[in-house]
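Working notes for the structure below.
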Amino acid sequence: MKLRFIFIAMIVFVCASCRKNNSNPVPSIPFDMTIDINLPSYSALIGVGGWTYVAGGSKGIIVYRRAIDEFIAFDRHSPADPEGICSKALTPDTSNFLQLNDSCSGAKFSLYDGSPMSGSDYGLRQYQTVYNGSNLLRIYN
C-alpha cells in the first residue's frame, strides 16, 4: 500500500512538472516611478474609474483607479503579440472603457484585472502599485 502511494505521488509530481509554462510572454522591463495624481497630467486618476497612461514598460503603462485607495497598472504590450511585431499599444475600447483592445490581433483584455477576454491565453503584465492615501502613487516591478 505504501509503495502504491509513493508511485502515485511520483506520477502526479512528474505530470505537474510537464505543464505548460504559464509565465507572461511580455518582456519584463525594470520600472519604478512615483507619480503625483494631483498634477494635471494625472488628473484622470483623481476619481474612481479614471485611467491614464504613464511612460515606461515595454509599450507604455496604463494605470486604472479601481477604488478610493486601490490602483492597478498594466503594460500596454499585448501578450497576443509577444515579439512586439505590431507597433501599436493596447488602447481602451471607446464603447467599454473597462476593456483594452489589441487593434492588430483583435485580442481583448479587462482593464479591471488584466485578464484575457478573447484572443489570448495570457493576461496583461501587471506592475505593483502603492498609494500613500493622499496624492502619491508608486508604480514598480
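Please note that chains go A, B, ... in the order of the C-alpha cells, that every chain numbers its residues from 1, and that ligands are numbered from 1 in the order shown.
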
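The shell of residues at most 8 Å from A:Gly119, with only C-alpha atoms counted and near chain neighbours (fewer than 6 positions) removed, consists of A:Ala80, A:Ser105, A:Gly106, A:Ala107, A:Lys108.
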
Taking 4 positions as the minimum chain separation for residues in the same chain, which residues sit within 7 Å of A:Ile62 when counting only C-alpha atoms? Answer as a short mmCIF file (atom, residue, chain, number, x, y, z; two decimals) with C-alpha atoms, in the first residue's frame.
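Printed below is out-v1.cif as written:
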data_model
loop_
_atom_site.label_atom_id
_atom_site.label_comp_id
_atom_site.auth_asym_id
_atom_site.auth_seq_id
_atom_site.Cartn_x
_atom_site.Cartn_y
_atom_site.Cartn_z
CA TRP A 51 -7.27 55.88 -16.06
CA THR A 52 -4.17 57.40 -17.58
CA TYR A 53 -1.01 56.46 -19.45
CA VAL A 54 2.48 56.52 -17.94
CA ALA A 73 -1.20 49.16 -13.57
CA PHE A 74 -0.56 47.08 -16.69
CA ASP A 75 1.92 47.12 -19.55
CA ARG A 76 0.25 48.16 -22.81
#

Q: Would you kindly return, as number ranges by chain, each protein, DNA or RNA residue with an atom no farther than 10 Å from any atom of A:Met33, considering only C-alpha atoms and excluding same-chain residues fewer than 2 positions away?
A: A: 31, 35, 54-56, 129, 137-141

Q.
Can you tell me, as a VMD selection string, which residues in stretch 21-111 of chain A count as helix (DSSP H, G or I) by DSSP?
A. chain A and resid 40 to 45

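Coordinates place atom CA of A:Tyr112 at a distance of 7.0 Å from atom CA of A:Arg66.
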
Q) What are the DSSP strand (DSSP E or B) residues of chain A, as a ChimeraX atom specification? A) /A:32-36,51-54,61-67,70-75,91-92,99-101,108-110,116-118,126-131,136-140

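The residue that comes closest to A:Ser78, out of A:Ser41, A:Asn96, A:Thr34, A:Asn24 and on the basis of only C-alpha atoms, is A:Asn24.
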
Q.
as number ranges by chain, please: the residues near A:Leu39 (cut-off 12 Å, only C-alpha atoms, same-chain neighbours under 5 positions excluded).
A. A: 34, 44-46, 135-137

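Pairwise distance (atom CA of A:Gly47, atom CA of A:Ile68) equals 7.7 Å.
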
(Q) Would you pick out the contacts of A:Gly123 at 7 Å or less, using only C-alpha atoms, so that residues sharing its chain but fewer than 4 positions from it are not included, and give the list as a VMD selection string? (A) chain A and resid 79 114 to 116

Excluding A:Arg65 and residues on its chain fewer than 6 positions from it, collect all residues at most 6 Å away from it, counting only C-alpha atoms, and give them as a PDB file with C-alpha atoms, in the first residue's frame.
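Printed below is result.pdb as written:
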ATOM      1  CA  VAL A  48     -12.577  56.146  -9.078  1.00  0.00           C
ATOM      2  CA  GLY A  49     -12.806  54.648 -12.559  1.00  0.00           C
ATOM      3  CA  GLY A  50     -10.250  57.031 -14.047  1.00  0.00           C
ATOM      4  CA  PHE A  71      -4.859  51.366  -8.225  1.00  0.00           C
TER       5      PHE A  71
END

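Among the candidate residues A:Ser120, A:Ser23, A:Ser110, A:Ser58, the one lying nearest to A:Glu83 is A:Ser58, with distances computed using only C-alpha atoms.
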
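Comparing A:Phe109, A:Tyr127, A:Glu70, A:Gly60 by their smallest distance to A:Ser87, the closest is A:Gly60 (using only C-alpha atoms).
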
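Taking only C-alpha atoms into account, A:Gly57 lies nearest to A:Val26 out of the set A:Val26, A:Leu111, A:Ile72, A:Ile85.
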